[in-house]
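Here's entry.csv, which has CSV, C-alpha atoms:
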chain,number,residue,atom,x,y,z
Z,26,MET,CA,35.6,39.2,-9.1
Z,27,GLU,CA,38.0,37.6,-11.5
Z,28,ASN,CA,40.4,40.5,-10.9
Z,29,SER,CA,40.1,40.1,-7.1
Z,30,PHE,CA,41.1,36.4,-7.4
Z,31,ALA,CA,44.0,37.2,-9.7
Z,32,GLY,CA,45.2,39.7,-7.2
Z,33,ALA,CA,44.8,37.1,-4.4
Z,34,TYR,CA,46.9,34.7,-6.4
Z,35,ALA,CA,49.6,37.3,-6.9
Z,36,SER,CA,49.7,38.4,-3.3
Z,37,THR,CA,49.7,34.8,-2.0
Z,38,SER,CA,52.5,33.7,-4.3
Z,39,ALA,CA,54.5,36.7,-3.0
Z,40,ILE,CA,54.3,35.4,0.6
Z,41,SER,CA,57.8,34.2,1.7
Z,42,ASP,CA,56.7,32.1,4.7
Z,43,GLN,CA,55.8,28.7,3.2
Z,44,ARG,CA,53.4,27.6,5.9
Z,45,GLN,CA,51.5,30.9,5.7
Z,46,LYS,CA,51.5,30.7,1.9
Z,47,ILE,CA,49.9,27.2,2.0
Z,48,GLU,CA,47.3,28.3,4.5
Z,49,GLN,CA,46.4,31.3,2.4
Z,50,TYR,CA,46.0,29.1,-0.7
Z,51,LYS,CA,43.9,26.6,1.2
Z,52,GLN,CA,41.4,29.5,2.1
Z,53,ILE,CA,41.3,30.5,-1.6
Z,54,LEU,CA,40.7,26.9,-2.6
Z,55,ALA,CA,37.8,26.5,-0.1
Z,56,THR,CA,36.2,29.7,-1.5
Z,57,VAL,CA,36.6,28.5,-5.1
Z,58,LEU,CA,35.2,25.0,-4.4
Z,59,SER,CA,32.2,26.4,-2.4
Z,60,SER,CA,31.3,28.7,-5.3
Z,61,ASN,CA,30.7,25.7,-7.7
Z,62,ASP,CA,32.1,28.0,-10.4
Z,63,VAL,CA,33.9,25.8,-13.0
Z,64,ALA,CA,35.8,28.7,-14.7
Z,65,ARG,CA,37.1,29.9,-11.4
Z,66,ALA,CA,38.1,26.4,-10.3
Z,67,LYS,CA,40.0,25.9,-13.6
Z,68,GLN,CA,41.7,29.2,-13.1
Z,69,PHE,CA,42.9,28.1,-9.7
Z,70,MET,CA,44.2,24.8,-11.0
Z,71,ASP,CA,46.1,26.6,-13.8
Z,72,HIS,CA,47.7,28.9,-11.2
Z,73,VAL,CA,48.6,26.0,-8.8
Z,74,LEU,CA,50.3,24.0,-11.6
Z,75,SER,CA,52.2,27.0,-12.9
Z,76,GLU,CA,55.8,27.9,-12.1
Z,77,ASP,CA,54.6,30.7,-9.8
Z,78,VAL,CA,53.8,28.1,-7.1
Z,79,PRO,CA,56.6,25.9,-5.7
Z,80,LEU,CA,56.1,22.1,-6.2
Z,81,VAL,CA,55.9,21.4,-2.5
Z,82,VAL,CA,53.0,23.8,-2.2
Z,83,SER,CA,51.3,22.5,-5.3
Z,84,ARG,CA,51.4,18.9,-4.0
Z,85,GLN,CA,49.8,19.9,-0.7
Z,86,LEU,CA,47.0,21.9,-2.4
Z,87,LEU,CA,46.2,19.2,-4.9
Z,88,GLN,CA,46.1,16.7,-2.0
Z,89,VAL,CA,43.5,18.8,-0.2
Z,90,PHE,CA,41.6,19.3,-3.4
Z,91,ALA,CA,41.6,15.5,-4.1
Z,92,GLN,CA,40.3,14.8,-0.6
Z,93,ASP,CA,37.5,17.3,-0.8
Z,94,LEU,CA,36.5,16.2,-4.3
Z,95,GLY,CA,33.8,13.8,-3.1
Z,96,SER,CA,31.9,16.5,-1.3
Z,97,LEU,CA,31.3,18.6,-4.5
Z,98,GLU,CA,28.2,18.6,-6.7
Z,99,PRO,CA,28.5,15.7,-9.2
Z,100,GLU,CA,28.7,17.6,-12.4
Z,101,PHE,CA,31.1,20.2,-11.0
Z,102,GLN,CA,33.2,17.4,-9.6
Z,103,LYS,CA,33.4,15.6,-12.9
Z,104,GLU,CA,34.3,18.7,-14.9
Z,105,ILE,CA,37.0,20.0,-12.6
Z,106,ALA,CA,38.4,16.5,-11.9
Z,107,HIS,CA,38.8,15.8,-15.6
Z,108,TYR,CA,40.3,19.2,-16.2
Z,109,THR,CA,42.8,18.8,-13.4
Z,110,LEU,CA,43.8,15.3,-14.7
Z,111,SER,CA,44.4,16.7,-18.2
Z,112,GLN,CA,46.5,19.6,-16.9
Z,113,ILE,CA,48.5,17.3,-14.6
Z,114,GLN,CA,49.4,15.0,-17.5
Z,115,HIS,CA,52.5,17.0,-18.3
Z,116,HIS,CA,53.6,16.8,-14.6
Z,117,MET,CA,52.5,13.2,-13.9
Z,118,ILE,CA,55.7,12.2,-12.1
Z,119,SER,CA,55.4,15.0,-9.6
Z,120,PHE,CA,51.8,14.3,-8.6
Z,121,GLU,CA,51.3,10.6,-8.7
Z,122,GLU,CA,49.8,10.4,-5.2
Z,123,GLN,CA,47.3,13.2,-5.9
Z,124,VAL,CA,46.3,11.7,-9.3
Z,125,LEU,CA,45.6,8.4,-7.6
Z,126,VAL,CA,43.2,10.0,-5.1
Z,127,ILE,CA,41.5,12.1,-7.8
Z,128,ARG,CA,40.9,9.0,-10.0
Z,129,GLU,CA,39.6,6.9,-7.1
Z,130,LYS,CA,37.1,9.7,-6.1
Z,131,LEU,CA,36.0,10.2,-9.7
Z,132,ALA,CA,35.5,6.5,-10.2
Z,133,GLU,CA,33.4,6.3,-7.0
Z,134,LEU,CA,31.1,8.9,-8.4
Z,135,TYR,CA,30.7,7.1,-11.8
Z,136,GLU,CA,30.1,3.9,-10.0
Z,137,SER,CA,27.4,5.4,-7.8
Z,138,GLU,CA,25.7,6.5,-11.1
Z,139,GLN,CA,26.2,3.0,-12.5
Z,140,GLU,CA,28.4,4.3,-15.2
Z,141,TRP,CA,30.5,1.1,-14.9
Z,142,SER,CA,32.8,1.4,-17.9
Z,143,LYS,CA,33.5,5.1,-17.3
Z,144,ALA,CA,34.5,4.2,-13.7
Z,145,ALA,CA,36.8,1.4,-15.0
Z,146,GLN,CA,38.4,3.7,-17.6
Z,147,ILE,CA,39.2,6.3,-14.9
Z,148,LEU,CA,40.8,3.7,-12.7
Z,149,SER,CA,42.7,2.1,-15.6
Z,150,GLY,CA,44.6,5.5,-15.9
Z,151,ILE,CA,46.3,4.8,-12.6
Z,152,ASP,CA,50.0,3.9,-13.2
Z,153,LEU,CA,50.4,0.6,-11.4
Z,154,ASP,CA,53.9,0.1,-12.8
Z,155,SER,CA,55.4,3.4,-11.6
Z,156,GLY,CA,59.1,3.5,-11.1
Z,157,ILE,CA,58.7,6.5,-8.7
Z,158,ARG,CA,56.4,5.1,-6.1
Z,159,VAL,CA,56.7,1.7,-4.5
Z,160,ILE,CA,53.3,-0.1,-5.1
Z,161,ASP,CA,52.8,-3.4,-3.3
Z,162,ASP,CA,51.3,-6.4,-5.2
Z,163,ALA,CA,48.2,-6.5,-3.1
Z,164,PHE,CA,47.2,-2.9,-4.2
Z,165,LYS,CA,48.0,-3.8,-7.8
Z,166,LEU,CA,45.8,-6.9,-7.6
Z,167,SER,CA,42.9,-5.1,-5.9
Z,168,LYS,CA,42.9,-2.4,-8.7
Z,169,CYS,CA,43.1,-5.0,-11.5
Z,170,VAL,CA,40.2,-7.0,-10.0
Z,171,GLN,CA,38.2,-3.9,-9.3
Z,172,ILE,CA,38.6,-2.6,-12.9
Z,173,ALA,CA,37.7,-6.1,-14.3
Z,174,ARG,CA,34.6,-6.2,-12.1
Z,175,LEU,CA,33.5,-2.8,-13.3
Z,176,TYR,CA,33.9,-3.8,-17.0
Z,177,LEU,CA,32.0,-7.0,-16.3
Z,178,GLU,CA,29.0,-5.0,-15.0
Z,179,ASP,CA,28.7,-3.8,-18.6
Z,180,ASP,CA,29.4,-7.4,-20.0
Z,181,ASP,CA,32.6,-6.1,-21.5
Z,182,ALA,CA,34.7,-9.3,-21.4
Z,183,VAL,CA,37.5,-8.0,-23.7
Z,184,ASN,CA,38.6,-5.1,-21.4
Z,185,ALA,CA,37.9,-7.2,-18.3
Z,186,GLU,CA,40.1,-10.0,-19.5
Z,187,ALA,CA,43.0,-7.6,-20.1
Z,188,PHE,CA,43.0,-6.7,-16.4
Z,189,ILE,CA,42.3,-10.2,-15.2
Z,190,ASN,CA,45.3,-11.4,-17.2
Z,191,LYS,CA,47.4,-8.7,-15.3
Z,192,ALA,CA,46.0,-10.0,-12.0
Z,193,SER,CA,46.8,-13.6,-12.9
Z,194,PHE,CA,50.5,-12.8,-12.4
Z,195,LEU,CA,49.8,-11.4,-8.9
Z,196,VAL,CA,47.1,-13.8,-7.5
Z,197,SER,CA,49.4,-16.8,-7.2
Z,198,SER,CA,51.4,-15.1,-4.5
Z,199,SER,CA,48.4,-13.4,-2.9
Z,200,ARG,CA,47.3,-14.3,0.6
Z,201,HIS,CA,44.3,-11.9,0.5
Z,202,GLU,CA,41.4,-14.4,0.4
Z,203,VAL,CA,38.7,-11.9,-0.5
Z,204,LEU,CA,40.7,-10.7,-3.5
Z,205,ASN,CA,41.5,-14.2,-4.6
Z,206,LEU,CA,37.8,-15.1,-4.5
Z,207,GLN,CA,36.8,-12.0,-6.5
Z,208,TYR,CA,39.5,-12.9,-9.1
Z,209,LYS,CA,38.0,-16.4,-9.4
Z,210,VAL,CA,34.5,-15.0,-9.9
Z,211,CYS,CA,35.7,-12.5,-12.5
Z,212,TYR,CA,37.6,-15.2,-14.4
Z,213,ALA,CA,34.5,-17.5,-14.4
Z,214,ARG,CA,32.3,-14.6,-15.7
Z,215,ILE,CA,34.8,-13.8,-18.5
Z,216,LEU,CA,34.8,-17.4,-19.7
Z,217,ASP,CA,31.0,-17.4,-19.6
Z,218,LEU,CA,30.8,-14.1,-21.6
Z,219,LYS,CA,33.3,-15.5,-24.1
Z,220,ARG,CA,31.1,-18.6,-24.5
Z,221,LYS,CA,33.8,-20.9,-23.2
Z,222,PHE,CA,31.0,-22.6,-21.3
Z,223,LEU,CA,32.6,-25.8,-20.2
Z,224,GLU,CA,35.6,-24.0,-18.7
Z,225,ALA,CA,33.3,-21.4,-17.0
Z,226,ALA,CA,31.2,-24.3,-15.6
Z,227,LEU,CA,34.2,-25.8,-13.9
Z,228,ARG,CA,35.2,-22.4,-12.4
Z,229,TYR,CA,31.7,-21.7,-11.2
Z,230,TYR,CA,31.4,-25.2,-9.6
Z,231,ASP,CA,34.8,-24.7,-7.9
Z,232,ILE,CA,33.4,-21.4,-6.4
Z,233,SER,CA,30.1,-23.1,-5.3
Z,234,GLN,CA,32.1,-25.6,-3.2
Z,235,ILE,CA,33.7,-23.0,-0.9
Z,236,GLU,CA,33.3,-24.4,2.6
Z,237,LYS,CA,34.2,-21.2,4.5
Z,238,ARG,CA,31.4,-18.9,5.4
Z,239,HIS,CA,33.6,-16.0,6.4
Z,240,ILE,CA,36.6,-15.0,4.2
Z,241,GLY,CA,38.4,-12.0,5.7
Z,242,ASP,CA,35.7,-9.4,6.4
Z,243,LYS,CA,33.3,-10.8,3.8
Z,244,GLU,CA,30.5,-13.2,4.7
Z,245,ILE,CA,29.7,-15.9,2.1
Z,246,ASP,CA,26.0,-16.6,2.1
Z,247,GLU,CA,24.3,-19.7,0.8
Z,248,GLU,CA,22.5,-17.8,-1.9
Z,249,ALA,CA,25.8,-16.7,-3.5
Z,250,LEU,CA,27.0,-20.3,-3.5
Z,251,GLU,CA,23.7,-21.5,-5.0
Z,252,GLN,CA,24.0,-18.8,-7.8
Z,253,ALA,CA,27.4,-20.1,-8.6
Z,254,LEU,CA,26.1,-23.7,-8.7
Z,255,VAL,CA,23.2,-22.6,-11.0
Z,256,ALA,CA,25.7,-20.8,-13.3
Z,257,ALA,CA,27.8,-24.1,-13.4
Z,258,VAL,CA,24.7,-26.1,-14.4
Z,259,THR,CA,23.6,-23.6,-17.0
Z,260,CYS,CA,27.0,-23.3,-18.6
Z,261,THR,CA,27.4,-27.1,-18.7
Z,262,ILE,CA,24.0,-27.5,-20.5
Z,263,LEU,CA,25.1,-24.7,-23.0
Z,264,ALA,CA,28.5,-26.3,-23.6
Z,265,ALA,CA,29.3,-28.3,-26.8
Z,266,ALA,CA,27.9,-31.8,-26.5
Z,267,GLY,CA,30.6,-34.5,-26.1
Z,268,PRO,CA,32.5,-36.6,-23.7
Z,269,GLN,CA,34.0,-33.7,-21.6
Z,270,ARG,CA,30.5,-32.2,-21.1
Z,271,SER,CA,29.2,-35.6,-20.2
Z,272,ARG,CA,31.8,-35.9,-17.4
Z,273,VAL,CA,30.9,-32.5,-15.9
Z,274,LEU,CA,27.2,-33.4,-16.2
Z,275,ALA,CA,27.8,-36.5,-14.2
Z,276,THR,CA,29.6,-34.6,-11.5
Z,277,LEU,CA,26.7,-32.1,-11.2
Z,278,TYR,CA,24.0,-34.7,-11.3
Z,279,LYS,CA,25.6,-36.6,-8.5
Z,280,ASP,CA,25.9,-33.4,-6.4
Z,281,GLU,CA,22.9,-33.5,-3.9
Z,282,ARG,CA,22.7,-29.7,-3.9
Z,283,CYS,CA,21.6,-29.7,-7.6
Z,284,SER,CA,18.4,-31.7,-6.9
Z,285,LYS,CA,17.1,-28.6,-5.0
Z,286,LEU,CA,17.6,-26.2,-7.9
Z,287,LYS,CA,14.8,-24.9,-10.1
Z,288,ILE,CA,16.7,-26.1,-13.3
Z,289,TYR,CA,17.3,-29.6,-11.9
Z,290,PRO,CA,14.7,-31.2,-14.2
Z,291,ILE,CA,16.5,-30.1,-17.4
Z,292,LEU,CA,19.9,-31.1,-15.9
Z,293,GLN,CA,18.4,-34.6,-15.2
Z,294,LYS,CA,17.2,-35.0,-18.8
Z,295,VAL,CA,20.4,-33.7,-20.3
Z,296,TYR,CA,22.5,-36.0,-18.1
Z,297,LEU,CA,20.3,-39.0,-18.9
Z,298,GLU,CA,20.6,-38.2,-22.6
Z,299,ARG,CA,16.9,-37.8,-23.2
Z,300,ILE,CA,15.6,-35.8,-26.1
Z,301,LEU,CA,14.4,-32.3,-25.1
Z,302,ARG,CA,11.2,-30.9,-26.5
Z,303,ARG,CA,10.5,-27.3,-27.4
Z,304,PRO,CA,8.4,-26.4,-24.2
Z,305,GLU,CA,11.3,-27.5,-22.0
Z,306,ILE,CA,13.9,-25.6,-24.0
Z,307,ASP,CA,11.7,-22.5,-24.0
Z,308,ALA,CA,11.3,-22.7,-20.2
Z,309,PHE,CA,15.1,-23.0,-19.8
Z,310,TYR,CA,15.6,-20.0,-22.2
Z,311,GLU,CA,13.8,-17.7,-19.8
Z,312,GLU,CA,16.4,-18.4,-17.1
Z,313,LEU,CA,19.4,-17.4,-19.4
Z,314,LYS,CA,21.4,-14.2,-19.3
Z,315,PRO,CA,21.4,-11.9,-22.4
Z,316,HIS,CA,24.8,-13.0,-23.7
Z,317,GLN,CA,23.6,-16.6,-23.4
Z,318,LYS,CA,20.7,-15.8,-25.8
Z,319,ALA,CA,23.0,-14.3,-28.4
Z,320,LEU,CA,22.5,-15.1,-32.1
Z,321,LEU,CA,25.4,-16.9,-33.7
Z,322,PRO,CA,26.7,-16.4,-37.3
Z,323,ASP,CA,24.7,-19.5,-38.4
Z,324,ASN,CA,21.5,-17.9,-37.3
Z,325,PHE,CA,21.1,-20.2,-34.3
Z,326,THR,CA,21.1,-18.9,-30.7
Z,327,VAL,CA,23.6,-20.3,-28.3
Z,328,LEU,CA,20.9,-22.3,-26.7
Z,329,ASP,CA,19.6,-23.6,-30.1
Z,330,ARG,CA,23.0,-24.9,-31.0
Z,331,ALA,CA,23.5,-26.6,-27.6
Z,332,MET,CA,20.1,-28.2,-27.7
Z,333,ILE,CA,20.4,-29.4,-31.3
Z,334,GLU,CA,23.8,-31.0,-30.5
Z,335,HIS,CA,22.4,-32.5,-27.3
Z,336,ASN,CA,19.4,-34.0,-29.1
Z,337,LEU,CA,21.6,-35.3,-31.8
Z,338,LEU,CA,23.8,-37.0,-29.3
Z,339,SER,CA,20.7,-38.4,-27.6
Z,340,ALA,CA,19.5,-39.7,-30.9
Z,341,SER,CA,22.8,-41.5,-31.5
Z,342,LYS,CA,22.0,-43.6,-28.4
Z,343,LEU,CA,18.6,-44.6,-29.7
Z,344,TYR,CA,19.3,-45.2,-33.4
Z,345,THR,CA,21.9,-47.3,-35.2
Z,346,ASN,CA,21.2,-45.1,-38.3
Z,347,ILE,CA,18.9,-42.4,-39.4
Z,348,SER,CA,18.2,-40.5,-42.6
Z,349,PHE,CA,18.9,-36.8,-42.9
Z,350,GLU,CA,15.2,-36.1,-43.4
Z,351,GLU,CA,14.2,-38.0,-40.3
Z,352,LEU,CA,17.0,-36.4,-38.3
Z,353,GLY,CA,16.0,-32.9,-39.4
Z,354,THR,CA,12.4,-33.6,-38.3
Z,355,LEU,CA,13.6,-34.9,-34.9
Z,356,LEU,CA,15.9,-31.8,-34.4
Z,357,GLY,CA,13.4,-29.3,-35.8
Z,358,ILE,CA,15.8,-28.1,-38.5
Z,359,ALA,CA,16.4,-28.5,-42.2
Z,360,PRO,CA,18.0,-31.9,-43.3
Z,361,GLN,CA,21.1,-30.1,-44.7
Z,362,LYS,CA,21.7,-28.3,-41.4
Z,363,ALA,CA,21.2,-31.6,-39.5
Z,364,GLU,CA,23.9,-33.2,-41.7
Z,365,LYS,CA,26.2,-30.2,-41.1
Z,366,VAL,CA,25.9,-30.4,-37.3
Z,367,ALA,CA,26.4,-34.2,-37.3
Z,368,SER,CA,29.5,-33.8,-39.6
Z,369,ARG,CA,31.0,-31.2,-37.3
Z,370,MET,CA,30.4,-33.3,-34.2
Z,371,ILE,CA,31.9,-36.4,-35.8
Z,372,CYS,CA,35.0,-34.5,-37.0
Z,373,GLU,CA,35.6,-33.0,-33.6
Z,374,ASP,CA,35.3,-36.5,-31.9
Z,375,ARG,CA,32.3,-35.4,-29.9
Z,376,MET,CA,30.2,-38.2,-31.4
Z,377,ARG,CA,31.0,-41.5,-33.0
Z,378,GLY,CA,29.6,-42.3,-36.4
Z,379,SER,CA,29.9,-42.0,-40.2
Z,380,ILE,CA,27.9,-40.2,-42.9
Z,381,ASP,CA,26.7,-41.9,-46.1
Z,382,GLN,CA,26.0,-38.9,-48.4
Z,383,VAL,CA,24.9,-41.1,-51.3
Z,384,GLU,CA,22.1,-42.7,-49.2
Z,385,ALA,CA,21.7,-39.5,-47.1
Z,386,VAL,CA,22.0,-41.6,-43.9
Z,387,ILE,CA,24.0,-41.2,-40.7
Z,388,HIS,CA,25.3,-44.4,-39.1
Z,389,PHE,CA,26.0,-44.2,-35.3
Z,390,GLU,CA,28.7,-46.2,-33.5
Z,391,ASP,CA,28.2,-47.5,-30.0
Z,392,ASP,CA,30.8,-46.2,-27.5
Z,393,THR,CA,29.6,-48.3,-24.6
Z,394,GLU,CA,32.6,-50.6,-24.8
Z,395,GLU,CA,35.0,-47.6,-24.5
Z,396,LEU,CA,33.1,-46.2,-21.5
Z,397,GLN,CA,33.2,-49.6,-19.8
Z,398,GLN,CA,37.0,-49.7,-20.4
Z,399,TRP,CA,37.3,-46.2,-18.8
Z,400,ASP,CA,35.2,-47.4,-15.8
Z,401,GLN,CA,37.5,-50.4,-15.4
Z,402,GLN,CA,40.6,-48.2,-15.4
Z,403,ILE,CA,39.1,-46.0,-12.7
Z,404,PHE,CA,38.1,-49.0,-10.7
Z,405,GLY,CA,41.6,-50.5,-11.0
Z,406,LEU,CA,43.2,-47.2,-9.9
Z,407,CYS,CA,40.9,-46.9,-6.8
Z,408,GLN,CA,41.6,-50.6,-5.9
Z,409,ALA,CA,45.4,-50.0,-6.1
Z,410,LEU,CA,45.0,-46.8,-4.0
Z,411,ASN,CA,43.0,-48.8,-1.4
Z,412,GLU,CA,45.7,-51.4,-1.2
Z,413,ILE,CA,48.4,-48.8,-0.6
Z,414,LEU,CA,46.3,-47.2,2.2
Z,415,ASP,CA,45.7,-50.6,3.8
Z,416,GLY,CA,49.4,-51.3,3.6
Z,417,MET,CA,50.2,-48.0,5.3
Z,418,ALA,CA,47.7,-48.6,8.0
Z,419,LYS,CA,49.1,-52.1,8.8
Z,420,ARG,CA,52.6,-50.6,9.2
Z,421,GLY,CA,51.2,-47.8,11.5
Z,422,LEU,CA,52.1,-45.1,9.1
Z,423,PRO,CA,50.0,-41.8,9.4
Z,424,ILE,CA,47.5,-41.1,6.6
Z,425,SER,CA,46.6,-37.4,6.2
Z,426,ALA,CA,43.2,-36.5,4.8
Represent the structure from my file as structure tokens, please.
Amino acid sequence: MENSFAGAYASTSAISDQRQKIEQYKQILATVLSSNDVARAKQFMDHVLSEDVPLVVSRQLLQVFAQDLGSLEPEFQKEIAHYTLSQIQHHMISFEEQVLVIREKLAELYESEQEWSKAAQILSGIDLDSGIRVIDDAFKLSKCVQIARLYLEDDDAVNAEAFINKASFLVSSSRHEVLNLQYKVCYARILDLKRKFLEAALRYYDISQIEKRHIGDKEIDEEALEQALVAAVTCTILAAAGPQRSRVLATLYKDERCSKLKIYPILQKVYLERILRRPEIDAFYEELKPHQKALLPDNFTVLDRAMIEHNLLSASKLYTNISFEELGTLLGIAPQKAEKVASRMICEDRMRGSIDQVEAVIHFEDDTEELQQWDQQIFGLCQALNEILDGMAKRGLPISA
């Protein structure tokens, strides 16, 4: 049988009429692919990519092969596709279009098998900066976002971020609303996975406020927006305690939609700076994603650290001073660890106070005056803005919303 195919290749390559030659090769290709014989398929690819076959013929045959790839048996498809890609590597410039289709088909197969990272790796082999083909920015953006999304399915923030960073140079000029939204979701998830919880919370909250219910051909349902809002609340609670987190908590607490969420009770307690007890923390723990339950180098989980810092900040509103021993009991940790956490928060300006190591006491400072000053500044700004708008209205000047 092998000899008969070798003879068929020789006789076909000897045909002078190019159209007839292509048709003959197509028939051989159909026979090879229907046989599910890997060795025979590899032999065909070797012949097609050899100098015996003109480039114009090779391109057409590889295009047909690439288009038919999705109809093959999965294991046969993987083996012959990988082999073809490895053989084409030396002639990449000549077969860029064909390589693109082969990689997309192979990635589709891996995606259907939930082999997310493998699918992403296959797509990342597409040359998006080719000097031979003209590739528009929308296509580049779609591929970068698609690859990032695939990596994120496996919680691989490092590789996902590399492609989202590439996409960031393209998204500013993009008018493709669906792609722009997918980019925002990927970016929020990357920040979440990297434990940049406060930044992630702001991104999720921005997504949850989308007013359109149809973006391009995509329908935005209420459940997706609610998930983004829940993610925003969760990330805010997990963020490092301090003034910035307090401001985001205030925004979320005042959003009427949050009162309908399952995790609203813990949001309320965190916003009101109440000390959280273990049963409440354990109930919240069950709602977290695996990366949000990770163990940190200091042997605390992400949630443990967030709750210890929150309870310490809450304690600073109740006490003017407290001993290390009492603070450790309150936080459920050793006195030395309590001192270390307090020291870090004071040094990072996330809590006002001082530590007396001789007496083993922490003294808390009241920041109410500072907050009142901040409120007065906001009030003054709003008042000035109202005066400007009133002045414009009196003069009959238009005011756009």
If I put a ball of radius 10 Å at (40.3, -13.9, 4.9) in the file's coordinates, which residues poke into it when counting all atoms listed in the file, written as a ChimeraX atom specification? /Z:200-206,237,239-244
Please indicate the distance in Å from atom CA of Lys285 of chain Z to atom CA of Gln252 of chain Z, rounded to one decimal place. 12.3 Å
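Take the candidates Z:Leu297, Z:Met417, Z:Ala213, Z:Ile189 and check each one against Ala256 of chain Z using only C-alpha atoms; the shortest distance goes to Z:Ala213.
With atom CA of Gln88 of chain Z on one side and atom CA of Phe120 of chain Z on the other, the separation reads 9.0 Å.
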Enter the distance from atom CA of Leu80 of chain Z to atom CA of Glu98 of chain Z, in Å, rounded to one decimal. 28.1 Å
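Take the candidates Z:Ile262, Z:Ala145, Z:Leu286, Z:Ala91 and check each one against Asp329 of chain Z using only C-alpha atoms; the shortest distance goes to Z:Ile262.
By all atoms listed in the file, and with residues fewer than 4 positions from Lys168 of chain Z along its chain excluded, the set lying at most 9 Å from it is Leu148, Ser149, Ile151, Leu153, Ala163, Phe164, Ile172, Ala173, Phe188 and Ala192 of chain Z.
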Please work out which residues fall within 12 Å of (52.1, 34.1, -6.5), coordinates as given in the file, with only C-alpha atoms counting, and return them as a PyMOL selection string. chain Z and resi 30-41+43+46-47+49-50+69+72-79+82-83
Let's have the selection written as a PDB file, keeping the file's coordinate frame, with C-alpha atoms.
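Ended up saving to result04.pdb:
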ATOM      1  CA  PHE Z  30      41.100  36.400  -7.400  1.00  0.00           C
ATOM      2  CA  ALA Z  31      44.000  37.200  -9.700  1.00  0.00           C
ATOM      3  CA  GLY Z  32      45.200  39.700  -7.200  1.00  0.00           C
ATOM      4  CA  ALA Z  33      44.800  37.100  -4.400  1.00  0.00           C
ATOM      5  CA  TYR Z  34      46.900  34.700  -6.400  1.00  0.00           C
ATOM      6  CA  ALA Z  35      49.600  37.300  -6.900  1.00  0.00           C
ATOM      7  CA  SER Z  36      49.700  38.400  -3.300  1.00  0.00           C
ATOM      8  CA  THR Z  37      49.700  34.800  -2.000  1.00  0.00           C
ATOM      9  CA  SER Z  38      52.500  33.700  -4.300  1.00  0.00           C
ATOM     10  CA  ALA Z  39      54.500  36.700  -3.000  1.00  0.00           C
ATOM     11  CA  ILE Z  40      54.300  35.400   0.600  1.00  0.00           C
ATOM     12  CA  SER Z  41      57.800  34.200   1.700  1.00  0.00           C
ATOM     13  CA  GLN Z  43      55.800  28.700   3.200  1.00  0.00           C
ATOM     14  CA  LYS Z  46      51.500  30.700   1.900  1.00  0.00           C
ATOM     15  CA  ILE Z  47      49.900  27.200   2.000  1.00  0.00           C
ATOM     16  CA  GLN Z  49      46.400  31.300   2.400  1.00  0.00           C
ATOM     17  CA  TYR Z  50      46.000  29.100  -0.700  1.00  0.00           C
ATOM     18  CA  PHE Z  69      42.900  28.100  -9.700  1.00  0.00           C
ATOM     19  CA  HIS Z  72      47.700  28.900 -11.200  1.00  0.00           C
ATOM     20  CA  VAL Z  73      48.600  26.000  -8.800  1.00  0.00           C
ATOM     21  CA  LEU Z  74      50.300  24.000 -11.600  1.00  0.00           C
ATOM     22  CA  SER Z  75      52.200  27.000 -12.900  1.00  0.00           C
ATOM     23  CA  GLU Z  76      55.800  27.900 -12.100  1.00  0.00           C
ATOM     24  CA  ASP Z  77      54.600  30.700  -9.800  1.00  0.00           C
ATOM     25  CA  VAL Z  78      53.800  28.100  -7.100  1.00  0.00           C
ATOM     26  CA  PRO Z  79      56.600  25.900  -5.700  1.00  0.00           C
ATOM     27  CA  VAL Z  82      53.000  23.800  -2.200  1.00  0.00           C
ATOM     28  CA  SER Z  83      51.300  22.500  -5.300  1.00  0.00           C
TER      29      SER Z  83
END
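Checking Z:Arg375, Z:Asn346, Z:Asp179, Z:Leu195 one by one against Ser271 of chain Z, counting only C-alpha atoms, you find the shortest gap at Z:Arg375.
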Residue neighbourhood Thr345 of chain Z, 12 Å, all atoms listed in the file, exclusion window fewer than 5 positions, as a CSV table (one decimal) with C-alpha atoms, keeping the file's coordinate frame:
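The resulting file, selection.csv, is reproduced below:
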chain,number,residue,atom,x,y,z
Z,339,SER,CA,20.7,-38.4,-27.6
Z,340,ALA,CA,19.5,-39.7,-30.9
Z,377,ARG,CA,31.0,-41.5,-33.0
Z,378,GLY,CA,29.6,-42.3,-36.4
Z,379,SER,CA,29.9,-42.0,-40.2
Z,386,VAL,CA,22.0,-41.6,-43.9
Z,387,ILE,CA,24.0,-41.2,-40.7
Z,388,HIS,CA,25.3,-44.4,-39.1
Z,389,PHE,CA,26.0,-44.2,-35.3
Z,390,GLU,CA,28.7,-46.2,-33.5
Z,391,ASP,CA,28.2,-47.5,-30.0
Z,392,ASP,CA,30.8,-46.2,-27.5
Any idea what's packed within 10 Å of Lys51 of chain Z, counting only C-alpha atoms, ignoring anything in its chain fewer than 5 positions away? Could you give it as a count of residues only? 9
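Look at Lys365 of chain Z: the protein and nucleic acid residues within 12 Å of it, using all atoms listed in the file and passing over chain neighbours fewer than 2 places away, are Asp323, Arg330, Ile333, Glu334, Leu337, Phe349, Leu352, Gly353, Ile358, Ala359, Pro360, Gln361, Lys362, Ala363, Ala367, Ser368, Arg369, Met370, Ile371, Cys372, Ile380, Gln382, Ala385 and Ile387 of chain Z.
For Thr261 of chain Z, the set of protein, DNA and RNA residues having any atom at most 9 Å away, when counting all atoms listed in the file and skipping those fewer than 3 positions along the same chain, is Z:Phe222, Z:Leu223, Z:Glu224, Z:Ala225, Z:Ala226, Z:Leu227, Z:Ala256, Z:Ala257, Z:Val258, Z:Ala264, Z:Ala265, Z:Arg270, Z:Ser271, Z:Val273, Z:Leu274, Z:Leu292.
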